[in-house]
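Notes for the one structure printed next.
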Amino acid sequence: MRSGLVQLLIGVVVLAAAGALAGVVWEWVWTAPAGVVADHRWLAEDEAGLRGQFSGTGWFVIVATITGLLAGGLVATFLDRVPLLTLLTVILGSAVGTWVMLSVGSALGPPDPTQLALTAKNGTHLPDELDVSRRTPWVSMPAGALVALTLVFFGFAPGRRHHHDHDHPLDHHHHDHPEHRSDRHSPDHRAG
C-alpha cells in the first residue's frame, strides 16, 4: 500500500512538472493578438486579431497533447508495477498537469484586456490574454497520456513478459520434459 501511494505521488508530480513546463512552452509559441479599447471595451483590431484569439486554444491542444504523450509514456514505463494504479496515476496526474499548464501559461501571458479596458482611454492598444476558448482542450493532455500508456502496456509490456518467461529455459526444459523425470517414480520401478 505504501509503495503504491509513493508511485501515485511520484507520477502526479512528474505530470504536474511536465504541465508547468508545457505552460512555459505554450506561452512562448503563442503570439498575442492586438486589440484596441473603444468605449471601455476591448476589441480585436482586425481579422488577424480575431483569428489570433483562437490561436491560444490551438497551441494549447498541440503542446498539451505532446506533453501528455511524453510524460505519460515516461510514467507508464518506469511506474508500471501495478497496472491499475499506473492508469489512475496517469489520469489524475494529467488532469493536474493540465490545470498547472493553463495556470502557468495564463500567468506568463498578458492580463485580461477586458478588465483593463474598463479604466483605459479610447484608442489604447492592449494585447489579448492567453486562455482557452472552450473546455474541450482540457482533455488534450489526458488523451495523449492515455495513448502513451496504451502503447507502453501493449507495445513494450508483452516483450518484457516474453523475456521473463524465457529467463530460465533450461530449468523449464529439465522439469517439464518426460525424458528427464526420474525412473524411480515410474510404476515399473516400484513394481521391481
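Naming scheme: A, B, ... for chains in displayed order of the C-alpha cells; residues 1 onward per chain; ligands 1 onward as shown.
Within the 6 Å cut-off around range 61-72 of chain A, using only C-alpha atoms and omitting residues fewer than 4 positions from it on the same chain, the listed residues are Leu15, Pro137, Ser140, Met141, Gly144, Ala145 and Ala148 of chain A.
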Would you write out those residues with N, CA and C atoms, as a PDB file, in the first residue's frame?
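The file below, again.pdb, is the result:
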ATOM      1  N   LEU A  15       3.929  14.474 -13.847  1.00  0.00           N
ATOM      2  CA  LEU A  15       2.991  15.039 -14.815  1.00  0.00           C
ATOM      3  C   LEU A  15       2.675  16.506 -14.519  1.00  0.00           C
ATOM      4  N   PRO A 137     -10.233  21.527 -24.874  1.00  0.00           N
ATOM      5  CA  PRO A 137      -8.772  21.352 -24.782  1.00  0.00           C
ATOM      6  C   PRO A 137      -8.294  20.730 -23.474  1.00  0.00           C
ATOM      7  N   SER A 140      -6.883  17.264 -23.748  1.00  0.00           N
ATOM      8  CA  SER A 140      -5.746  17.019 -24.640  1.00  0.00           C
ATOM      9  C   SER A 140      -4.614  16.272 -23.948  1.00  0.00           C
ATOM     10  N   MET A 141      -4.178  16.760 -22.785  1.00  0.00           N
ATOM     11  CA  MET A 141      -3.077  16.094 -22.092  1.00  0.00           C
ATOM     12  C   MET A 141      -3.476  14.707 -21.582  1.00  0.00           C
ATOM     13  N   GLY A 144      -3.476  12.345 -24.597  1.00  0.00           N
ATOM     14  CA  GLY A 144      -2.120  11.998 -25.005  1.00  0.00           C
ATOM     15  C   GLY A 144      -1.461  11.036 -24.036  1.00  0.00           C
ATOM     16  N   ALA A 145      -1.674  11.250 -22.738  1.00  0.00           N
ATOM     17  CA  ALA A 145      -1.073  10.382 -21.722  1.00  0.00           C
ATOM     18  C   ALA A 145      -1.649   8.972 -21.789  1.00  0.00           C
ATOM     19  N   ALA A 148      -0.182   7.129 -24.732  1.00  0.00           N
ATOM     20  CA  ALA A 148       1.171   6.675 -24.404  1.00  0.00           C
ATOM     21  C   ALA A 148       1.131   5.465 -23.478  1.00  0.00           C
TER      22      ALA A 148
END
With only C-alpha atoms as the counted atoms, please give the residues lying no more than 9 Å from Leu108 in chain A, apart from itself and same-chain residues fewer than 6 positions off, as a PyMOL selection string. chain A and resi 23-24+27+130
Point out the residue among A:Val12, A:Ala38, A:Leu21, A:Leu5 with the least atom-to-atom distance to Thr89 in chain A, counting only C-alpha atoms. A:Val12
Would you please work out which residue, of A:Pro127, A:Ser133, A:Val25, A:Asp80, is nearest to Ser3 in chain A when using only C-alpha atoms? A:Asp80
So which bits of range 36-135 of chain A end up helix (DSSP H, G or I) when you DSSP the backbone, as a PyMOL selection string? chain A and resi 47-78+83-108+113-116
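Reported to one decimal place, the separation of CA of Thr114 in chain A from CA of Ala32 in chain A is 14.4 Å.
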Write out as a PyMOL selection string all residues of range 19-142 of chain A that backbone DSSP assigns to strand (DSSP E or B). chain A and resi 34-38+41-44+125-127
Would you mind exporting the chosen residues as a compact mmCIF listing (two decimals), in the first residue's frame, restricted to N, CA, C and O atoms?
# COMPACT_ATOMS: atom_id res chain seq x y z
N ALA A 34 -3.45 41.61 -31.17
CA ALA A 34 -3.59 43.00 -30.73
C ALA A 34 -5.05 43.41 -30.72
O ALA A 34 -5.87 42.92 -31.50
N GLY A 35 -5.38 44.32 -29.81
CA GLY A 35 -6.72 44.86 -29.71
C GLY A 35 -6.68 46.31 -29.30
O GLY A 35 -5.63 46.83 -28.92
N VAL A 36 -7.83 46.97 -29.39
CA VAL A 36 -7.90 48.39 -29.07
C VAL A 36 -9.11 48.64 -28.18
O VAL A 36 -10.13 47.93 -28.26
N VAL A 37 -9.00 49.63 -27.31
CA VAL A 37 -10.08 49.97 -26.39
C VAL A 37 -11.01 50.97 -27.07
O VAL A 37 -10.56 52.00 -27.61
N ALA A 38 -12.33 50.67 -27.04
CA ALA A 38 -13.35 51.57 -27.57
C ALA A 38 -14.54 51.55 -26.62
O ALA A 38 -15.13 50.48 -26.40
N ARG A 41 -14.36 49.09 -23.86
CA ARG A 41 -14.43 47.67 -24.24
C ARG A 41 -13.21 47.34 -25.09
O ARG A 41 -12.76 48.17 -25.88
N TRP A 42 -12.73 46.12 -24.94
CA TRP A 42 -11.58 45.68 -25.73
C TRP A 42 -12.09 45.00 -26.99
O TRP A 42 -12.91 44.08 -26.94
N LEU A 43 -11.59 45.43 -28.15
CA LEU A 43 -12.00 44.86 -29.44
C LEU A 43 -10.76 44.48 -30.24
O LEU A 43 -9.75 45.19 -30.22
N ALA A 44 -10.86 43.33 -30.93
CA ALA A 44 -9.76 42.94 -31.82
C ALA A 44 -9.62 43.97 -32.92
O ALA A 44 -10.62 44.48 -33.46
N HIS A 125 -4.04 50.56 -27.09
CA HIS A 125 -3.78 49.23 -27.66
C HIS A 125 -3.38 48.26 -26.54
O HIS A 125 -2.47 48.54 -25.76
N LEU A 126 -4.08 47.14 -26.50
CA LEU A 126 -3.81 46.12 -25.48
C LEU A 126 -3.77 44.74 -26.13
O LEU A 126 -4.60 44.44 -27.01
N PRO A 127 -2.82 43.88 -25.74
CA PRO A 127 -2.81 42.50 -26.26
C PRO A 127 -3.86 41.66 -25.55
O PRO A 127 -4.28 41.96 -24.42
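Nearest to Leu116 in chain A of all the residues A:Met101, A:Phe54, A:Val13, A:Asp128 is A:Asp128, counting only C-alpha atoms.
Straight-line separation from CA of Gly56 in chain A to CA of Ser106 in chain A: 10.0 Å.
Nearest to Ala143 in chain A of all the residues A:Pro83, A:Gly105, A:Gly4, A:Gly73 is A:Gly73, based on only C-alpha atoms.
The nearest approach to Val104 in chain A among the residues A:Thr31, A:Phe60, A:Gly11, A:Thr119, with only C-alpha atoms taken into account, belongs to A:Phe60.
Using only C-alpha atoms for every distance, the candidate list A:Leu9, A:Phe153, A:Asp112, A:Leu146 yields A:Leu146 as the residue closest to Ile91 in chain A.
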